[in-house]
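Novice: Structure file target12.txt (compact mmCIF, C-alpha atoms) is given on the next line.
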```txt
# COMPACT_ATOMS: atom_id res chain seq x y z
CA MET Z 238 27.05 146.66 64.02
CA ALA Z 239 24.26 144.29 63.08
CA VAL Z 240 26.10 141.01 63.39
CA THR Z 241 24.23 137.81 64.01
CA TYR Z 242 26.20 135.52 66.28
CA ALA Z 243 25.19 132.02 67.23
CA ALA Z 244 23.31 131.88 70.54
CA ARG Z 245 26.09 131.08 73.03
CA LEU Z 246 28.54 133.48 71.44
CA ALA Z 247 25.88 136.20 71.46
CA ARG Z 248 25.25 135.66 75.16
CA LEU Z 249 28.98 135.74 75.94
CA ILE Z 250 29.45 139.02 74.06
CA GLU Z 251 26.38 140.46 75.74
CA ALA Z 252 27.71 139.49 79.19
CA LEU Z 253 31.13 141.01 78.48
CA ARG Z 254 29.47 144.27 77.42
CA ARG Z 255 28.26 144.78 80.96
CA LEU Z 256 31.84 145.40 82.06
CA PRO Z 257 32.54 149.13 82.42
CA GLY Z 258 34.04 150.74 79.33
CA VAL Z 259 33.40 147.73 77.10
CA GLY Z 260 31.43 148.35 73.90
CA PRO Z 261 30.34 145.87 71.23
CA LYS Z 262 33.67 145.82 69.37
CA THR Z 263 35.73 145.31 72.51
CA ALA Z 264 33.35 142.66 73.80
CA GLN Z 265 33.69 140.76 70.53
CA ARG Z 266 37.46 141.06 70.70
CA MET Z 267 37.48 139.76 74.26
CA ALA Z 268 35.19 136.84 73.42
CA PHE Z 269 37.26 135.83 70.38
CA HIS Z 270 40.47 136.19 72.36
CA LEU Z 271 39.20 133.93 75.13
CA LEU Z 272 37.80 131.34 72.71
CA ASP Z 273 40.77 131.28 70.33
CA ARG Z 274 43.76 131.93 72.48
CA ASP Z 275 43.03 131.75 76.17
CA ARG Z 276 40.44 129.18 77.16
CA GLU Z 277 42.43 128.57 80.32
CA GLY Z 278 42.14 132.28 81.15
CA ALA Z 279 38.39 132.08 80.60
CA GLN Z 280 38.22 129.11 82.93
CA ARG Z 281 40.16 131.05 85.51
CA LEU Z 282 37.83 134.02 85.16
CA VAL Z 283 34.84 131.75 85.77
CA ALA Z 284 36.46 130.40 88.93
CA ALA Z 285 37.59 133.82 90.17
CA LEU Z 286 34.19 135.41 89.58
CA GLY Z 287 32.45 132.52 91.26
CA GLU Z 288 34.54 132.64 94.40
CA ALA Z 289 34.42 136.45 94.48
CA LEU Z 290 30.63 136.49 94.31
CA ALA Z 291 30.33 133.84 96.98
CA GLY Z 292 33.16 134.94 99.24
CA ILE Z 293 33.51 138.72 99.11
CA GLY Z 294 31.15 140.56 101.39
CA ARG Z 295 31.10 143.97 103.04
CA CYS Z 296 32.80 144.86 106.28
CA PRO Z 297 30.03 145.93 108.68
CA GLU Z 298 32.39 148.53 110.19
CA CYS Z 299 33.84 150.31 107.15
CA ARG Z 300 31.78 149.00 104.19
CA MET Z 301 34.94 148.00 102.28
CA TYR Z 302 35.11 144.44 100.96
CA CYS Z 303 35.89 141.72 103.42
CA GLU Z 304 36.65 138.05 102.95
CA ASP Z 305 35.99 135.32 105.52
CA GLY Z 306 34.67 137.99 107.86
CA ARG Z 307 38.07 139.69 108.02
CA CYS Z 308 38.60 143.25 106.79
CA LEU Z 309 42.12 144.28 105.83
CA TYR Z 310 41.48 147.83 106.98
CA CYS Z 311 39.73 147.43 110.34
CA THR Z 312 42.66 145.93 112.19
CA GLU Z 313 43.41 146.73 115.82
CA ALA Z 314 46.51 148.71 114.90
CA ARG Z 315 44.51 150.93 112.58
CA THR Z 316 41.68 151.37 115.05
CA ALA Z 317 44.24 152.44 117.67
CA THR Z 318 45.18 155.52 115.58
CA GLY Z 319 41.72 156.96 116.25
CA GLN Z 320 41.60 158.21 112.66
CA VAL Z 321 38.83 157.43 110.20
CA CYS Z 322 39.12 158.54 106.59
CA VAL Z 323 35.83 158.80 104.71
CA VAL Z 324 35.96 158.05 100.97
CA GLU Z 325 33.27 157.67 98.34
CA SER Z 326 34.34 154.37 96.77
CA PRO Z 327 36.59 151.34 97.21
CA ALA Z 328 38.77 152.70 94.39
CA ASP Z 329 39.33 155.90 96.37
CA LEU Z 330 40.36 153.82 99.38
CA VAL Z 331 42.86 151.88 97.28
CA ALA Z 332 44.27 155.12 95.82
CA ILE Z 333 44.89 156.59 99.28
CA GLU Z 334 46.17 153.34 100.71
CA ASN Z 335 48.54 153.10 97.81
CA ALA Z 336 50.00 156.56 97.91
CA ALA Z 337 49.62 158.27 101.16
CA GLY Z 338 51.30 156.45 103.99
CA TYR Z 339 48.00 156.74 105.88
CA ARG Z 340 47.51 153.93 108.35
CA GLY Z 341 44.22 154.69 110.06
CA ARG Z 342 40.80 153.20 109.39
CA TYR Z 343 38.44 154.02 106.54
CA PHE Z 344 34.75 154.45 105.96
CA VAL Z 345 33.49 153.81 102.44
CA LEU Z 346 30.27 155.65 101.58
CA LEU Z 347 29.66 153.73 98.34
CA GLY Z 348 28.25 156.92 96.87
CA ARG Z 349 27.59 160.52 97.81
CA LEU Z 350 24.57 162.42 99.08
CA SER Z 351 22.26 163.01 96.16
CA PRO Z 352 18.66 163.53 97.26
CA LEU Z 353 17.40 163.73 93.67
CA ASP Z 354 18.66 160.19 93.03
CA GLY Z 355 17.24 158.98 96.33
CA VAL Z 356 20.65 158.70 97.99
CA GLY Z 357 20.36 159.93 101.56
CA PRO Z 358 22.33 159.32 104.78
CA ALA Z 359 20.84 155.82 105.20
CA GLU Z 360 22.05 154.65 101.77
CA LEU Z 361 25.57 155.81 102.66
CA GLY Z 362 25.55 153.87 105.92
CA LEU Z 363 25.88 157.04 107.98
CA ASP Z 364 24.00 155.43 110.87
CA VAL Z 365 26.93 153.04 111.21
CA LEU Z 366 29.43 155.89 111.09
CA GLN Z 367 27.39 157.89 113.59
CA ARG Z 368 27.48 155.02 116.05
CA GLN Z 369 31.25 154.85 115.70
CA LEU Z 370 31.57 158.59 116.30
CA GLU Z 371 29.44 158.23 119.41
CA GLY Z 372 31.40 155.19 120.58
CA GLY Z 373 34.33 157.40 121.54
CA GLY Z 374 37.13 155.57 119.69
CA VAL Z 375 37.32 158.10 116.86
CA ARG Z 376 39.55 161.14 117.44
CA GLU Z 377 39.69 162.54 113.92
CA LEU Z 378 37.39 162.21 110.93
CA ILE Z 379 39.30 162.89 107.69
CA ILE Z 380 36.93 163.68 104.85
CA ALA Z 381 38.24 162.64 101.44
CA THR Z 382 35.10 162.87 99.31
CA ASN Z 383 35.63 164.16 95.79
CA PRO Z 384 35.69 167.93 95.19
CA THR Z 385 32.45 167.84 93.18
CA VAL Z 386 29.24 169.61 94.14
CA GLU Z 387 27.78 166.44 95.64
CA GLY Z 388 31.06 165.43 97.23
CA GLU Z 389 31.31 168.85 98.94
CA ALA Z 390 27.72 168.66 100.15
CA THR Z 391 28.47 165.23 101.59
CA ALA Z 392 31.59 166.63 103.24
CA TYR Z 393 29.59 169.39 104.95
CA TYR Z 394 27.02 166.90 106.16
CA LEU Z 395 29.73 164.64 107.58
CA ALA Z 396 31.46 167.58 109.24
CA GLU Z 397 28.23 168.52 111.02
CA LEU Z 398 27.77 164.93 112.11
CA ALA Z 399 31.23 164.75 113.65
CA ARG Z 400 31.26 168.24 115.17
CA ALA Z 401 27.94 167.61 116.93
CA ARG Z 402 29.64 164.67 118.63
CA GLY Z 403 32.79 166.59 119.54
CA VAL Z 404 35.01 164.77 117.05
CA LYS Z 405 37.71 166.74 115.21
CA VAL Z 406 37.03 166.98 111.47
CA THR Z 407 39.54 167.63 108.70
CA ARG Z 408 39.25 167.78 104.91
CA ILE Z 409 42.03 166.68 102.55
CA ALA Z 410 43.69 169.65 100.82
CA HIS Z 411 42.63 170.72 97.34
CA GLY Z 412 44.97 172.77 95.25
CA VAL Z 413 47.55 172.66 92.50
CA PRO Z 414 48.59 169.03 91.84
CA LEU Z 415 52.30 168.19 92.05
CA GLY Z 416 53.93 168.57 88.65
CA GLY Z 417 51.02 170.79 87.59
CA GLU Z 418 51.79 174.17 86.10
CA LEU Z 419 49.84 177.15 87.37
CA GLU Z 420 49.32 178.32 83.81
CA TYR Z 421 47.29 175.24 82.95
CA VAL Z 422 45.41 174.72 86.22
CA ASP Z 423 41.71 175.61 86.12
CA GLY Z 424 40.37 178.66 87.94
CA GLY Z 425 38.40 176.76 90.56
CA THR Z 426 41.45 174.77 91.62
CA LEU Z 427 43.60 177.93 91.76
CA ALA Z 428 41.00 179.71 93.90
CA ARG Z 429 40.99 176.75 96.30
CA ALA Z 430 44.79 176.69 96.34
CA LEU Z 431 44.89 180.37 97.30
CA SER Z 432 42.16 180.25 99.91
CA GLY Z 433 43.74 177.15 101.41
CA ARG Z 434 47.25 178.65 101.63
CA GLN Z 435 49.35 177.65 104.60
CA PRO Z 436 52.10 179.47 106.56
CA LEU Z 437 55.62 178.52 105.44
CA MET S 859 50.72 150.05 91.67
CA ALA S 860 51.71 147.99 94.65
CA VAL S 861 48.30 147.41 96.16
CA THR S 862 47.67 144.47 98.41
CA TYR S 863 44.22 143.09 97.89
CA ALA S 864 42.66 140.29 99.90
CA ALA S 865 43.09 136.89 98.26
CA ARG S 866 39.82 136.47 96.33
CA LEU S 867 39.79 140.05 95.11
CA ALA S 868 43.41 139.68 93.99
CA ARG S 869 42.54 136.56 92.00
CA LEU S 870 39.54 138.25 90.40
CA ILE S 871 41.63 141.25 89.31
CA GLU S 872 44.35 138.93 88.04
CA ALA S 873 41.82 136.95 86.00
CA LEU S 874 40.30 140.11 84.50
CA ARG S 875 43.77 141.30 83.47
CA ARG S 876 44.01 138.40 81.05
CA LEU S 877 41.34 140.03 78.90
CA PRO S 878 42.91 141.84 75.92
CA GLY S 879 43.56 145.53 76.51
CA VAL S 880 42.91 145.34 80.25
CA GLY S 881 45.66 146.63 82.55
CA PRO S 882 45.77 146.71 86.35
CA LYS S 883 43.71 149.92 86.71
CA THR S 884 40.97 148.77 84.36
CA ALA S 885 40.87 145.33 85.94
CA GLN S 886 40.40 146.90 89.37
CA ARG S 887 37.66 149.15 87.99
CA MET S 888 35.89 146.15 86.46
CA ALA S 889 36.16 144.10 89.64
CA PHE S 890 34.84 146.93 91.84
CA HIS S 891 32.05 147.62 89.35
CA LEU S 892 30.93 144.00 89.35
CA LEU S 893 31.15 143.69 93.14
CA ASP S 894 29.51 147.03 93.99
CA ARG S 895 27.01 147.60 91.26
CA ASP S 896 26.43 144.57 89.07
CA ARG S 897 26.63 141.25 90.85
CA GLU S 898 23.88 140.00 88.58
CA GLY S 899 26.04 140.91 85.58
CA ALA S 900 28.94 139.00 87.12
CA GLN S 901 26.69 136.01 87.61
CA ARG S 902 25.63 136.22 83.99
CA LEU S 903 29.24 136.43 82.86
CA VAL S 904 30.02 133.26 84.80
CA ALA S 905 27.12 131.46 83.14
CA ALA S 906 27.92 132.80 79.66
CA LEU S 907 31.61 131.91 79.92
CA GLY S 908 30.76 128.47 81.21
CA GLU S 909 28.37 127.61 78.42
CA ALA S 910 30.67 129.17 75.82
CA LEU S 911 33.63 127.09 76.95
CA ALA S 912 31.57 123.92 77.02
CA GLY S 913 29.45 124.51 73.96
CA ILE S 914 31.44 126.51 71.39
CA GLY S 915 33.68 124.36 69.24
CA ARG S 916 35.27 124.71 65.83
CA CYS S 917 33.59 123.90 62.54
CA PRO S 918 35.67 121.11 60.95
CA GLU S 919 35.00 122.62 57.49
CA CYS S 920 35.78 126.31 57.95
CA ARG S 921 37.38 126.54 61.42
CA MET S 922 34.92 129.25 62.53
CA TYR S 923 33.07 128.67 65.80
CA CYS S 924 30.20 126.26 65.74
CA GLU S 925 27.59 125.42 68.35
CA ASP S 926 25.80 122.09 68.64
CA GLY S 927 27.73 120.90 65.59
CA ARG S 928 26.10 123.52 63.39
CA CYS S 929 28.12 126.24 61.65
CA LEU S 930 26.29 129.42 60.63
CA TYR S 931 28.56 129.82 57.62
CA CYS S 932 28.73 126.33 56.10
CA THR S 933 25.10 126.12 55.00
CA GLU S 934 24.03 124.45 51.79
CA ALA S 935 23.08 127.77 50.21
CA ARG S 936 26.55 129.16 50.87
CA THR S 937 28.28 126.01 49.66
CA ALA S 938 26.24 126.22 46.45
CA THR S 939 27.91 129.53 45.53
CA GLY S 940 31.20 127.68 45.06
CA GLN S 941 33.02 130.61 46.67
CA VAL S 942 35.34 130.31 49.65
CA CYS S 943 36.78 133.43 51.30
CA VAL S 944 39.95 132.88 53.29
CA VAL S 945 40.42 135.15 56.32
CA GLU S 946 42.97 135.22 59.12
CA SER S 947 40.63 135.44 62.11
CA PRO S 948 37.02 135.14 63.25
CA ALA S 949 36.96 138.94 63.66
CA ASP S 950 37.86 139.34 59.96
CA LEU S 951 35.04 136.98 59.04
CA VAL S 952 32.57 139.02 61.08
CA ALA S 953 33.80 142.25 59.49
CA ILE S 954 33.24 140.91 55.96
CA GLU S 955 29.96 139.26 56.84
CA ASN S 956 28.81 142.52 58.31
CA ALA S 957 29.71 144.84 55.51
CA ALA S 958 30.15 143.16 52.24
CA GLY S 959 27.00 141.40 51.08
CA TYR S 960 29.17 138.34 50.49
CA ARG S 961 27.18 135.13 50.86
CA GLY S 962 29.69 132.37 50.10
CA ARG S 963 31.58 130.15 52.51
CA TYR S 964 34.64 131.06 54.56
CA PHE S 965 37.85 129.48 55.68
CA VAL S 966 39.40 130.85 58.87
CA LEU S 967 43.17 130.35 59.12
CA LEU S 968 43.39 131.36 62.78
CA GLY S 969 46.76 132.91 62.02
CA ARG S 970 49.11 133.48 59.12
CA LEU S 971 52.17 131.69 57.81
CA SER S 972 55.07 132.58 60.06
CA PRO S 973 57.84 129.95 59.96
CA LEU S 974 59.88 131.76 62.61
CA ASP S 975 57.01 131.36 65.09
CA GLY S 976 56.48 127.76 64.08
CA VAL S 977 53.25 128.49 62.18
CA GLY S 978 53.23 126.42 59.00
CA PRO S 979 50.50 125.14 56.67
CA ALA S 980 49.46 122.45 59.14
CA GLU S 981 48.78 124.96 61.93
CA LEU S 982 46.53 126.94 59.58
CA GLY S 983 44.52 123.85 58.68
CA LEU S 984 45.57 124.04 55.03
CA ASP S 985 45.26 120.27 54.68
CA VAL S 986 41.51 120.71 55.25
CA LEU S 987 41.34 123.52 52.70
CA GLN S 988 43.38 121.50 50.21
CA ARG S 989 40.95 118.61 50.45
CA GLN S 990 38.08 121.01 49.78
CA LEU S 991 39.87 122.42 46.73
CA GLU S 992 40.42 118.90 45.44
CA GLY S 993 36.82 117.91 46.18
CA GLY S 994 35.62 119.95 43.21
CA GLY S 995 32.93 122.03 44.95
CA VAL S 996 35.05 125.21 45.09
CA ARG S 997 34.99 127.44 41.99
CA GLU S 998 36.67 130.54 43.41
CA LEU S 999 39.05 131.07 46.31
CA ILE S 1000 38.89 134.68 47.52
CA ILE S 1001 41.93 135.57 49.58
CA ALA S 1002 41.27 138.19 52.25
CA THR S 1003 44.37 137.91 54.42
CA ASN S 1004 45.71 141.19 55.79
CA PRO S 1005 48.04 143.28 53.64
CA THR S 1006 51.00 142.70 55.96
CA VAL S 1007 54.23 140.93 55.00
CA GLU S 1008 53.05 137.67 56.54
CA GLY S 1009 49.53 138.07 55.22
CA GLU S 1010 50.88 138.56 51.70
CA ALA S 1011 53.16 135.54 51.99
CA THR S 1012 50.17 133.50 53.13
CA ALA S 1013 48.16 134.83 50.18
CA TYR S 1014 50.86 133.73 47.71
CA TYR S 1015 51.00 130.29 49.29
CA LEU S 1016 47.22 129.92 49.11
CA ALA S 1017 47.19 131.10 45.48
CA GLU S 1018 49.72 128.41 44.53
CA LEU S 1019 47.65 125.83 46.36
CA ALA S 1020 44.49 126.73 44.45
CA ARG S 1021 46.11 127.25 41.06
CA ALA S 1022 47.78 123.82 41.21
CA ARG S 1023 44.28 122.38 41.59
CA GLY S 1024 42.77 124.44 38.77
CA VAL S 1025 40.69 126.64 41.10
CA LYS S 1026 40.30 130.35 40.26
CA VAL S 1027 42.00 132.60 42.82
CA THR S 1028 41.22 136.24 43.57
CA ARG S 1029 42.56 138.71 46.12
CA ILE S 1030 40.47 141.46 47.69
CA ALA S 1031 41.43 144.92 46.42
CA HIS S 1032 43.83 147.12 48.33
CA GLY S 1033 43.83 150.85 47.73
CA VAL S 1034 42.58 154.18 48.98
CA PRO S 1035 39.82 153.62 51.59
CA LEU S 1036 36.45 155.29 51.01
CA GLY S 1037 36.39 158.71 52.63
CA GLY S 1038 40.18 158.69 52.70
CA GLU S 1039 42.00 161.67 51.22
CA LEU S 1040 44.89 161.00 48.86
CA GLU S 1041 46.96 163.60 50.68
CA TYR S 1042 46.90 161.60 53.88
CA VAL S 1043 47.14 158.07 52.50
CA ASP S 1044 50.51 156.34 53.00
CA GLY S 1045 52.81 155.67 50.07
CA GLY S 1046 52.47 151.89 50.08
CA THR S 1047 48.70 152.10 49.85
CA LEU S 1048 48.90 154.67 47.06
CA ALA S 1049 51.33 152.49 45.11
CA ARG S 1050 48.93 149.55 45.44
CA ALA S 1051 46.01 151.74 44.40
CA LEU S 1052 47.87 152.80 41.24
CA SER S 1053 49.16 149.37 40.28
CA GLY S 1054 45.71 147.90 40.90
CA ARG S 1055 43.89 150.51 38.79
CA GLN S 1056 40.88 149.33 36.81
CA PRO S 1057 39.38 150.45 33.48
CA LEU S 1058 36.44 152.85 33.90
```
Turn this file's structure into structure tokens for me.

Specialist:
Amino acid sequence: MAVTYAARLARLIEALRRLPGVGPKTAQRMAFHLLDRDREGAQRLVAALGEALAGIGRCPECRMYCEDGRCLYCTEARTATGQVCVVESPADLVAIENAAGYRGRYFVLLGRLSPLDGVGPAELGLDVLQRQLEGGGVRELIIATNPTVEGEATAYYLAELARARGVKVTRIAHGVPLGGELEYVDGGTLARALSGRQPL
Amino acid sequence: MAVTYAARLARLIEALRRLPGVGPKTAQRMAFHLLDRDREGAQRLVAALGEALAGIGRCPECRMYCEDGRCLYCTEARTATGQVCVVESPADLVAIENAAGYRGRYFVLLGRLSPLDGVGPAELGLDVLQRQLEGGGVRELIIATNPTVEGEATAYYLAELARARGVKVTRIAHGVPLGGELEYVDGGTLARALSGRQPL
């Protein structure tokens, strides 16, 4: 597309394109929708973005978002379980929180170990986690990084970290998803399902 | 999803959901992306939305957007062609502008006649268009409403309006799209292509 928009419209479309998964056509559609049909929605988005940028920070304990210095996931009740579940991203935290009935604490890495991209233990906040493991309040570290090469490497690193401090480490199970049919499951997943078999 | 977010995050996700085509999952992804990886982009979006809301109005002549009282499409050169192309939406205008080599003026209806939804001639600004047709500067009205039932009804209404004022009316051609194969084109389109055949 080689459209020439007037200046303000061009800047609005450009700004919308920075949203994930939004290309030029979608950005134009969003801009026109807001201008033609939902100026109130646009106003609300301005307000919501403004207060989010100003008022959403990071929890120093778990690196999830926190507002007004309070983190939803570092409550006393959760800390009392002695469990800490390590995830790569806030979205992973929400997915687990949403589905799993898990009520312990979390630790959000905001990434995964990837030396080539300059992401080492410091970038993932592992010094913070290490201090918590040494503090004695953590009884089990549940590793829920993604089953990718980098996620597995991160999992091994975390396991070492915890084991060296005498903390029990577990990894979430990988295998055939519920409702999945063996016939259509990829080989890697099947191999993991077999090697991870459990007594009935 | 029955996630509980903290207040500000919840409002941000809610505001993002008002964008067209954005459901709860996408809104969450956008919010996390902006908060984790692109706070500068979020800041820019705030600024762009703010200046768009304050500074983008409607051209009183063609109902397209205009900034600082200037409309890109109501220039003297375009007016001099004596052609006015009627489209349903700003996106239609951009599509034609982008592809067609057309250099006349436009008139954006911002809708189509739909009595059941309370959209009559007044809502489409047809009083403005009528005055332009009576003003004598328009030599050809090109109707480019969509080939839907309501778009066709609108086209007929517009044609009457122009004809009664002695202005030539044309309708953009409907038929087999370029690159389309006859075998896969729907019957309605084929019928239009046949009835609209032209001498070679």

Novice: Please tabulate, as a tab-separated table, the residues of chain S that come within 6 Å of chain Z, each with its closest pair of atoms and the distance in Å to one decimal, counting all atoms listed in the file and ordering rows by chain, then residue number upward.

Specialist:
```
residue	atom	partner	partner_atom	distance
S:Val861	CA	Z:Asn335	CA	5.9
S:Arg866	CA	Z:Ala289	CA	5.7
S:Arg869	CA	Z:Ala285	CA	5.9
S:Leu870	CA	Z:Ala285	CA	4.8
S:Ala873	CA	Z:Leu282	CA	5.0
S:Leu903	CA	Z:Ala252	CA	5.0
S:Val904	CA	Z:Val283	CA	5.1
S:Ala906	CA	Z:Leu249	CA	4.9
S:Ala910	CA	Z:Arg245	CA	5.7
S:Asn956	CA	Z:Val240	CA	6.0
```

Novice: I'd like the contact shell of Arg1050 (chain S) - 12 Å cut-off, only C-alpha atoms, skipping same-chain residues fewer than 4 positions apart - returned as a PyMOL selection string.

Specialist: chain S and resi 1005+1030-1035+1043-1046+1054-1056

Novice: Can you tell me, as a PyMOL selection string, what residues are no more than 12 Å from Ala399 (chain Z) when counting all atoms listed in the file, ignoring any on the same chain fewer than 2 positions away?

Specialist: chain Z and resi 321+323+363+366-373+375-380+392-397+401-407

Novice: For Tyr964 (chain S), find every residue with an atom within 8 Å (counting all atoms listed in the file), except residues of its own chain fewer than 3 positions away, and show them as an MDAnalysis selection string.

Specialist: chainID S and resid 920 931:932 942:945 951

Novice: Please indicate the distance in Å from CA of Arg342 (chain Z) to CA of Asn383 (chain Z), rounded to one decimal place.

Specialist: 18.2 Å

Novice: Once all heavy atoms are restored for region 417-425 of chain Z, what would the output be as a CSV table (one decimal), in the frame of the given file?

Specialist:
```
chain,number,residue,atom,x,y,z
Z,417,GLY,N,51.9,170.0,88.4
Z,417,GLY,CA,51.0,170.8,87.6
Z,417,GLY,C,51.6,172.2,87.4
Z,417,GLY,O,52.4,172.6,88.3
Z,418,GLU,N,51.3,172.8,86.3
Z,418,GLU,CA,51.8,174.2,86.1
Z,418,GLU,C,50.6,175.1,86.3
Z,418,GLU,O,49.6,174.9,85.7
Z,418,GLU,CB,52.4,174.3,84.7
Z,418,GLU,CG,53.7,173.5,84.6
Z,418,GLU,CD,54.3,173.7,83.2
Z,418,GLU,OE1,54.6,174.8,82.9
Z,418,GLU,OE2,54.4,172.7,82.5
Z,419,LEU,N,50.9,176.2,87.1
Z,419,LEU,CA,49.8,177.2,87.4
Z,419,LEU,C,49.1,177.6,86.1
Z,419,LEU,O,47.9,177.7,86.1
Z,419,LEU,CB,50.4,178.4,88.1
Z,419,LEU,CG,51.0,178.2,89.5
Z,419,LEU,CD1,51.1,179.5,90.1
Z,419,LEU,CD2,50.0,177.3,90.3
Z,420,GLU,N,49.9,177.8,85.1
Z,420,GLU,CA,49.3,178.3,83.8
Z,420,GLU,C,48.2,177.4,83.3
Z,420,GLU,O,47.2,177.9,82.7
Z,420,GLU,CB,50.5,178.3,82.8
Z,420,GLU,CG,50.1,179.0,81.5
Z,420,GLU,CD,51.3,179.0,80.5
Z,420,GLU,OE1,52.4,178.7,81.0
Z,420,GLU,OE2,51.1,179.3,79.3
Z,421,TYR,N,48.3,176.2,83.5
Z,421,TYR,CA,47.3,175.2,83.0
Z,421,TYR,C,46.3,174.7,84.0
Z,421,TYR,O,45.4,173.9,83.6
Z,421,TYR,CB,48.0,174.0,82.3
Z,421,TYR,CG,48.9,174.5,81.2
Z,421,TYR,CD1,50.3,174.4,81.4
Z,421,TYR,CD2,48.4,175.0,80.0
Z,421,TYR,CE1,51.2,174.8,80.4
Z,421,TYR,CE2,49.3,175.4,79.0
Z,421,TYR,CZ,50.6,175.3,79.2
Z,421,TYR,OH,51.5,175.8,78.2
Z,422,VAL,N,46.4,175.2,85.2
Z,422,VAL,CA,45.4,174.7,86.2
Z,422,VAL,C,44.1,175.5,86.1
Z,422,VAL,O,44.2,176.7,85.9
Z,422,VAL,CB,46.1,174.9,87.6
Z,422,VAL,CG1,45.0,174.7,88.7
Z,422,VAL,CG2,47.2,173.8,87.8
Z,423,ASP,N,43.0,174.9,86.3
Z,423,ASP,CA,41.7,175.6,86.1
Z,423,ASP,C,41.5,176.6,87.3
Z,423,ASP,O,42.1,176.5,88.3
Z,423,ASP,CB,40.5,174.6,86.0
Z,423,ASP,CG,40.3,173.9,87.4
Z,423,ASP,OD1,41.2,173.1,87.7
Z,423,ASP,OD2,39.3,174.1,88.0
Z,424,GLY,N,40.6,177.6,87.0
Z,424,GLY,CA,40.4,178.7,87.9
Z,424,GLY,C,39.9,178.2,89.3
Z,424,GLY,O,40.3,178.7,90.3
Z,425,GLY,N,38.9,177.3,89.3
Z,425,GLY,CA,38.4,176.8,90.6
Z,425,GLY,C,39.5,176.2,91.5
Z,425,GLY,O,39.5,176.5,92.7
```
